[in-house]
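Pasting upload_27.cif here (mmCIF, C-alpha atoms and all ligand atoms):
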data_start
loop_
_atom_site.label_atom_id
_atom_site.label_comp_id
_atom_site.auth_asym_id
_atom_site.auth_seq_id
_atom_site.Cartn_x
_atom_site.Cartn_y
_atom_site.Cartn_z
CA MET A 1 99.29 315.74 -77.70
CA GLY A 2 102.41 314.64 -75.85
CA ILE A 3 103.98 311.23 -75.99
CA SER A 4 102.64 310.10 -72.62
CA SER A 5 99.04 310.93 -73.67
CA LYS A 6 99.44 309.15 -76.98
CA LEU A 7 100.93 306.18 -75.21
CA ALA A 8 97.99 306.12 -72.81
CA GLU A 9 95.58 306.26 -75.76
CA VAL A 10 97.22 303.34 -77.53
CA ARG A 11 97.26 301.31 -74.30
CA LYS A 12 93.56 302.00 -73.80
CA ALA A 13 92.74 301.04 -77.39
CA ILE A 14 94.68 297.80 -77.00
CA ALA A 15 92.79 296.97 -73.80
CA GLU A 16 89.48 297.62 -75.56
CA CYS A 17 90.48 295.39 -78.49
CA GLU A 18 91.48 292.60 -76.09
CA LYS A 19 88.11 292.85 -74.44
CA GLU A 20 86.20 292.96 -77.71
CA ALA A 21 88.05 289.92 -78.98
CA GLU A 22 87.34 288.17 -75.66
CA ARG A 23 91.01 287.84 -75.01
CA ALA A 24 92.73 287.98 -71.63
CA GLN A 25 93.81 291.34 -70.29
CA ASP A 26 97.48 292.00 -71.10
CA SER A 27 97.65 289.15 -73.60
CA VAL A 28 98.98 291.71 -76.10
CA THR A 29 102.37 293.33 -75.55
CA LEU A 30 102.89 296.82 -76.91
CA ILE A 31 106.24 297.34 -78.61
CA ALA A 32 106.85 301.08 -78.92
CA VAL A 33 108.75 301.47 -82.19
CA SER A 34 111.27 304.25 -81.60
CA LYS A 35 113.30 304.03 -84.82
CA THR A 36 114.57 307.42 -86.11
CA PHE A 37 113.73 309.14 -82.80
CA ASP A 38 116.47 310.49 -80.57
CA ALA A 39 117.12 309.42 -77.00
CA ASP A 40 115.48 312.61 -75.70
CA VAL A 41 112.18 311.69 -77.32
CA ILE A 42 112.39 308.04 -76.26
CA ARG A 43 113.11 309.12 -72.68
CA LYS A 44 109.59 310.61 -72.52
CA ALA A 45 108.07 307.23 -73.24
CA LEU A 46 110.34 305.62 -70.64
CA GLU A 47 109.32 308.23 -68.09
CA ALA A 48 105.69 307.39 -68.88
CA GLY A 49 106.39 303.79 -67.89
CA GLN A 50 106.89 302.13 -71.29
CA ARG A 51 109.61 299.46 -71.19
CA VAL A 52 109.26 297.44 -74.40
CA PHE A 53 110.75 299.11 -77.49
CA GLY A 54 111.43 298.23 -81.10
CA GLU A 55 114.23 299.41 -83.37
CA ASN A 56 114.87 298.43 -86.96
CA LYS A 57 118.60 299.09 -87.25
CA VAL A 58 121.34 297.59 -85.10
CA GLN A 59 123.73 300.51 -85.56
CA GLU A 60 121.13 303.12 -84.67
CA ALA A 61 120.00 301.18 -81.60
CA LYS A 62 123.61 300.80 -80.47
CA GLY A 63 123.94 304.57 -80.52
CA LYS A 64 121.06 305.29 -78.15
CA TRP A 65 120.08 302.28 -76.05
CA PRO A 66 123.12 301.46 -73.88
CA GLU A 67 122.79 304.90 -72.30
CA LEU A 68 118.98 304.67 -71.89
CA ARG A 69 119.35 301.23 -70.35
CA ASP A 70 121.72 302.67 -67.75
CA GLU A 71 119.06 305.22 -66.84
CA PHE A 72 115.98 302.97 -66.75
CA GLU A 73 115.48 299.51 -65.28
CA GLY A 74 113.73 296.67 -67.04
CA VAL A 75 114.02 297.73 -70.68
CA GLU A 76 113.21 295.04 -73.25
CA LEU A 77 114.54 295.74 -76.72
CA HIS A 78 113.18 294.15 -79.90
CA LEU A 79 114.91 294.13 -83.30
CA ILE A 80 112.17 294.40 -85.92
CA GLY A 81 114.24 295.20 -89.03
CA PRO A 82 116.31 292.97 -91.33
CA LEU A 83 119.55 291.66 -89.86
CA GLN A 84 122.85 291.31 -91.77
CA SER A 85 125.22 288.55 -90.68
CA ASN A 86 128.00 291.01 -89.92
CA LYS A 87 125.71 292.73 -87.38
CA ALA A 88 124.59 289.52 -85.66
CA LYS A 89 127.18 289.82 -82.90
CA ASP A 90 125.99 293.31 -81.92
CA ALA A 91 122.35 292.33 -82.32
CA VAL A 92 122.66 289.36 -79.96
CA ALA A 93 124.51 291.50 -77.42
CA LEU A 94 122.02 294.38 -77.51
CA PHE A 95 118.56 292.96 -78.21
CA ASP A 96 116.31 290.68 -76.14
CA VAL A 97 114.12 289.61 -79.04
CA ILE A 98 114.82 289.38 -82.79
CA HIS A 99 111.71 289.40 -85.02
CA SER A 100 113.43 289.16 -88.37
CA VAL A 101 115.01 285.71 -88.72
CA ASP A 102 114.48 285.21 -92.45
CA ARG A 103 117.12 282.87 -93.91
CA LYS A 104 119.23 279.88 -92.95
CA LYS A 105 122.49 281.79 -92.82
CA ILE A 106 121.26 284.35 -90.31
CA ALA A 107 119.62 281.66 -88.17
CA ARG A 108 122.95 279.81 -88.06
CA THR A 109 124.91 282.96 -87.27
CA ILE A 110 122.54 283.99 -84.48
CA ARG A 111 122.82 280.54 -82.93
CA LEU A 112 126.61 280.72 -83.01
CA GLU A 113 126.62 284.17 -81.45
CA MET A 114 124.25 283.12 -78.67
CA GLU A 115 126.61 280.25 -77.90
CA LYS A 116 129.70 282.46 -77.96
CA GLN A 117 128.11 285.13 -75.78
CA SER A 118 126.26 282.64 -73.53
CA ARG A 119 123.22 284.75 -74.10
CA GLN A 120 119.68 283.71 -74.98
CA VAL A 121 117.65 285.89 -77.33
CA ASP A 122 114.03 285.11 -78.19
CA LEU A 123 113.53 284.55 -81.89
CA PHE A 124 110.71 285.24 -84.33
CA VAL A 125 110.73 284.16 -87.96
CA GLN A 126 109.54 286.78 -90.44
CA ILE A 127 107.08 285.49 -93.02
CA ASN A 128 106.60 287.37 -96.30
CA THR A 129 102.84 286.76 -96.30
CA GLY A 130 102.29 288.81 -99.46
CA SER A 131 105.17 287.08 -101.31
CA GLU A 132 106.50 290.53 -102.23
CA PRO A 133 109.80 290.30 -104.12
CA GLN A 134 111.30 293.37 -102.41
CA LYS A 135 110.33 292.34 -98.89
CA ALA A 136 112.29 290.23 -96.43
CA GLY A 137 110.85 287.07 -94.98
CA ILE A 138 110.31 283.40 -95.68
CA LEU A 139 107.68 282.66 -98.33
CA PRO A 140 104.52 281.12 -96.84
CA GLU A 141 104.99 277.87 -98.76
CA GLU A 142 108.54 277.52 -97.41
CA ALA A 143 107.68 278.35 -93.80
CA ASP A 144 107.17 274.80 -92.52
CA ASP A 145 110.50 273.65 -93.98
CA PHE A 146 112.34 276.63 -92.58
CA LEU A 147 110.85 276.23 -89.11
CA GLY A 148 111.76 272.54 -89.23
CA PHE A 149 115.31 273.46 -90.17
CA CYS A 150 115.62 275.88 -87.23
CA LYS A 151 114.29 273.30 -84.81
CA VAL A 152 115.92 270.09 -86.03
CA GLU A 153 119.18 271.21 -87.63
CA LEU A 154 119.98 274.11 -85.35
CA GLY A 155 118.15 273.15 -82.17
CA LEU A 156 116.68 276.66 -82.02
CA THR A 157 113.42 277.43 -80.27
CA ILE A 158 111.33 279.79 -82.38
CA ARG A 159 109.06 281.79 -80.13
CA GLY A 160 106.91 283.48 -82.75
CA LEU A 161 106.19 284.57 -86.30
CA MET A 162 106.21 288.11 -87.65
CA CYS A 163 104.71 289.69 -90.75
CA ILE A 164 104.43 293.08 -92.43
CA PRO A 165 101.44 292.97 -94.80
CA PRO A 166 101.76 294.68 -98.21
CA ALA A 167 101.14 298.42 -97.84
CA ASP A 168 97.99 298.55 -99.94
CA ASP A 169 96.38 295.23 -99.09
CA ASN A 170 93.70 294.64 -96.50
CA PRO A 171 95.89 293.18 -93.72
CA LYS A 172 93.27 290.77 -92.41
CA ALA A 173 94.07 287.88 -94.76
CA HIS A 174 97.78 288.27 -93.99
CA PHE A 175 97.18 288.13 -90.23
CA LYS A 176 95.02 285.04 -90.69
CA LEU A 177 97.69 283.36 -92.81
CA LEU A 178 100.38 284.09 -90.21
CA ARG A 179 98.19 282.64 -87.46
CA LYS A 180 97.53 279.52 -89.52
CA ILE A 181 101.24 278.90 -90.16
CA ALA A 182 101.99 279.42 -86.46
CA LYS A 183 99.23 277.09 -85.35
CA ARG A 184 100.29 274.14 -87.49
CA ASN A 185 103.89 274.59 -86.31
CA ASP A 186 102.92 274.85 -82.66
CA ILE A 187 104.22 278.41 -82.31
CA LYS A 188 102.59 280.60 -79.69
CA ASP A 189 103.45 284.20 -80.42
CA LEU A 190 102.44 286.46 -83.30
CA SER A 191 104.15 289.77 -84.01
CA MET A 192 101.65 291.59 -86.20
CA GLY A 193 99.88 294.93 -86.28
CA MET A 194 101.27 298.46 -86.63
CA SER A 195 99.78 301.93 -85.99
CA ALA A 196 97.22 301.61 -88.79
CA ASP A 197 96.02 298.07 -88.16
CA TYR A 198 96.82 296.84 -84.66
CA GLY A 199 93.11 296.60 -83.81
CA GLU A 200 92.53 294.09 -86.58
CA ALA A 201 95.76 292.26 -85.67
CA ILE A 202 94.56 291.81 -82.08
CA LYS A 203 91.27 290.40 -83.37
CA GLN A 204 93.29 287.89 -85.37
CA GLY A 205 95.37 286.79 -82.38
CA SER A 206 98.40 289.07 -82.33
CA THR A 207 100.43 288.90 -79.11
CA PHE A 208 102.94 291.64 -80.01
CA VAL A 209 101.88 294.84 -81.76
CA ARG A 210 104.61 297.11 -83.14
CA VAL A 211 103.38 300.68 -82.89
CA GLY A 212 105.52 303.66 -83.90
CA SER A 213 103.85 306.75 -85.35
CA ALA A 214 100.71 306.53 -83.19
CA ILE A 215 102.99 307.07 -80.17
CA PHE A 216 105.92 309.14 -81.41
CA GLY A 217 104.30 310.99 -84.32
CA HIS A 218 105.48 311.09 -87.91
CA ARG A 219 109.02 310.07 -88.68
CA LYS A 220 111.00 312.76 -90.46
CA LYS A 221 113.55 310.48 -92.03
CA PRO A 222 112.06 308.09 -94.55
CA VAL A 223 112.48 304.43 -93.68
CA SER A 224 111.86 301.52 -95.93
CA ILE A 225 110.35 298.44 -94.39
C1 LIG A 301 108.43 301.12 -88.47
C2 LIG A 301 107.90 299.79 -88.23
C3 LIG A 301 106.73 299.60 -87.48
C4 LIG A 301 105.90 300.75 -86.92
O1 LIG A 301 105.18 301.38 -87.92
P1 LIG A 301 104.06 302.51 -87.57
O2 LIG A 301 103.20 302.52 -88.77
O3 LIG A 301 104.82 303.77 -87.37
O4 LIG A 301 103.35 302.07 -86.36
C5 LIG A 301 106.29 298.31 -87.27
N1 LIG A 301 106.97 297.25 -87.73
C6 LIG A 301 108.10 297.38 -88.45
C7 LIG A 301 108.81 296.17 -88.93
C8 LIG A 301 108.61 298.65 -88.72
O5 LIG A 301 109.76 298.78 -89.42
#
Let me see the file written as structure tokens.
Amino acid sequence: MGISSKLAEVRKAIAECEKEAERAQDSVTLIAVSKTFDADVIRKALEAGQRVFGENKVQEAKGKWPELRDEFEGVELHLIGPLQSNKAKDAVALFDVIHSVDRKKIARTIRLEMEKQSRQVDLFVQINTGSEPQKAGILPEEADDFLGFCKVELGLTIRGLMCIPPADDNPKAHFKLLRKIAKRNDIKDLSMGMSADYGEAIKQGSTFVRVGSAIFGHRKKPVSI
């Protein structure tokens, strides 16, 4: 099956999940995760009308997206991978949304860069809902403090929360936890759900699903997330 058919399938499944969960049509935004795929492959998704894309590495995105943006109007690019401070300048220049704010230093650096570049980027804070030592993200018990810091100390508006549940856990409890943290902090958007579990994520209130392999197929290069 080609990319445009797979894209259509995912869109249809999302619409069905919205309906089943009694949620408004188009309340879920599909982020097509194009990491590791070349511009030629991504172009097929763009030609099929997809405009919202996710990448997990600043350098890789910088190599393919300026050119694709010249070719197609209305692209919205989301950074979904960890961000190093020395890449913050490029990230703020290139991306429209950053999902991986996960420590004070990077929040501060992003704010400075937005000021310097007079550019507004929407921000999500990543929560390590499974408290996994190897995974990025703020621990659930530290989330309220961190969100308070962003708001009060930095004057940053946090648009949403993001999580990547542990690979071999049932994701449902993690999605519920993310929603609970968002609710008590008055945060509207939830970035949760990937190819394997976006249906469940939509049931639990996700507003952004990050779907890669169900659209583009298997990634050849291994990526750690
Ligand atoms: C790669 C990646 C995805 C997409 O994963 P699939 O299982 O291919 O849908 C989603 N979120 C993040 C943070 C990723 O790095």
From the set A:Ala24, A:Ala214, A:Ala167, A:Leu77, which residue has the shortest atom-to-atom contact distance to Lys135 (chain A), counting only C-alpha atoms?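 Closest to Lys135 (chain A) of all the choices is A:Ala167.
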Go ahead and compute the interatomic distance for atom N1 of ligand LIG 301 (chain A) and CA of Arg159 (chain A), in Å to one decimal.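 Result for atom N1 of ligand LIG 301 (chain A) versus CA of Arg159 (chain A): 17.4 Å, one decimal.
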Which residues of chain A come within 6 Å of ligand LIG 301 (chain A), and for each one, what is the closest pair of atoms and their distance in Å to one decimal, counting only C-alpha atoms and all ligand atoms, sorted by chain and residue number, as a tab-separated table?
residue	atom	partner	partner_atom	distance
A:Val33	CA	A:LIG301	C4	5.6
A:Asn56	CA	A:LIG301	O5	5.7
A:Ile80	CA	A:LIG301	C7	4.8
A:Gly81	CA	A:LIG301	C7	5.5
A:Met194	CA	A:LIG301	O4	4.2
A:Ser195	CA	A:LIG301	O4	3.6
A:Arg210	CA	A:LIG301	C5	4.6
A:Val211	CA	A:LIG301	O4	3.7
A:Gly212	CA	A:LIG301	O3	3.5
A:Ser213	CA	A:LIG301	O3	3.7
A:Ile225	CA	A:LIG301	O5	5.0
As a ChimeraX atom specification, please: the residues near Asp40 (chain A) (cut-off 12 Å, all atoms listed in the file, same-chain neighbours under 2 positions excluded). /A:3,34,36-38,42-47,64-65,67-68,216
Can you tell me which residues surround Pro166 (chain A) at a distance of at most 10 Å, considering only C-alpha atoms, apart from same-chain residues fewer than 2 positions away, and format the answer as number ranges by chain? A: 128-132, 135, 163-164, 168-171, 174
Using all atoms listed in the file, which residues sit within 10 Å of Gly193 (chain A) once same-chain residues fewer than 6 positions away are excluded, as a CSV table (one decimal) with C-alpha atoms, in the frame of the given file?
chain,number,residue,atom,x,y,z
A,162,MET,CA,106.2,288.1,-87.6
A,163,CYS,CA,104.7,289.7,-90.8
A,164,ILE,CA,104.4,293.1,-92.4
A,165,PRO,CA,101.4,293.0,-94.8
A,171,PRO,CA,95.9,293.2,-93.7
A,172,LYS,CA,93.3,290.8,-92.4
A,175,PHE,CA,97.2,288.1,-90.2
A,199,GLY,CA,93.1,296.6,-83.8
A,200,GLU,CA,92.5,294.1,-86.6
A,201,ALA,CA,95.8,292.3,-85.7
A,202,ILE,CA,94.6,291.8,-82.1
A,204,GLN,CA,93.3,287.9,-85.4
A,206,SER,CA,98.4,289.1,-82.3
A,207,THR,CA,100.4,288.9,-79.1
A,208,PHE,CA,102.9,291.6,-80.0
A,209,VAL,CA,101.9,294.8,-81.8
A,210,ARG,CA,104.6,297.1,-83.1
A,211,VAL,CA,103.4,300.7,-82.9
Around (114.6, 292.7, -81.6) in the file's frame, which residues reach within 8 Å when counting only C-alpha atoms? Return as number ranges by chain? A: 54-56, 77-81, 91, 95-100
With distances taken over only C-alpha atoms, which of A:Pro133, A:Lys203, A:Lys6, A:Lys151 is nearest to Lys176 (chain A)? A:Lys203
What does the structure give for the distance between CA of Leu147 (chain A) and CA of Ile110 (chain A), in Å to one decimal?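 Between CA of Leu147 (chain A) and CA of Ile110 (chain A) the gap is 14.8 Å.
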Between A:Gly49, A:Gly217, A:Pro82, A:Gly2, which has the minimum distance to Val101 (chain A) (counting only C-alpha atoms)? A:Pro82
So which residues touch Leu161 (chain A) within 9 Å, counting only C-alpha atoms, skipping near sequence neighbours fewer than 2 positions away, as a PDB file with C-alpha atoms, in the frame of the given file?
ATOM      1  CA  HIS A  99     111.710 289.400 -85.020  1.00  0.00           C
ATOM      2  CA  SER A 100     113.430 289.160 -88.370  1.00  0.00           C
ATOM      3  CA  LEU A 123     113.530 284.550 -81.890  1.00  0.00           C
ATOM      4  CA  PHE A 124     110.710 285.240 -84.330  1.00  0.00           C
ATOM      5  CA  VAL A 125     110.730 284.160 -87.960  1.00  0.00           C
ATOM      6  CA  GLN A 126     109.540 286.780 -90.440  1.00  0.00           C
ATOM      7  CA  ILE A 127     107.080 285.490 -93.020  1.00  0.00           C
ATOM      8  CA  ILE A 158     111.330 279.790 -82.380  1.00  0.00           C
ATOM      9  CA  ARG A 159     109.060 281.790 -80.130  1.00  0.00           C
ATOM     10  CA  CYS A 163     104.710 289.690 -90.750  1.00  0.00           C
ATOM     11  CA  LEU A 178     100.380 284.090 -90.210  1.00  0.00           C
ATOM     12  CA  ARG A 179      98.190 282.640 -87.460  1.00  0.00           C
ATOM     13  CA  ILE A 181     101.240 278.900 -90.160  1.00  0.00           C
ATOM     14  CA  ALA A 182     101.990 279.420 -86.460  1.00  0.00           C
ATOM     15  CA  ILE A 187     104.220 278.410 -82.310  1.00  0.00           C
ATOM     16  CA  LYS A 188     102.590 280.600 -79.690  1.00  0.00           C
ATOM     17  CA  ASP A 189     103.450 284.200 -80.420  1.00  0.00           C
ATOM     18  CA  LEU A 190     102.440 286.460 -83.300  1.00  0.00           C
ATOM     19  CA  SER A 191     104.150 289.770 -84.010  1.00  0.00           C
ATOM     20  CA  MET A 192     101.650 291.590 -86.200  1.00  0.00           C
TER      21      MET A 192
END
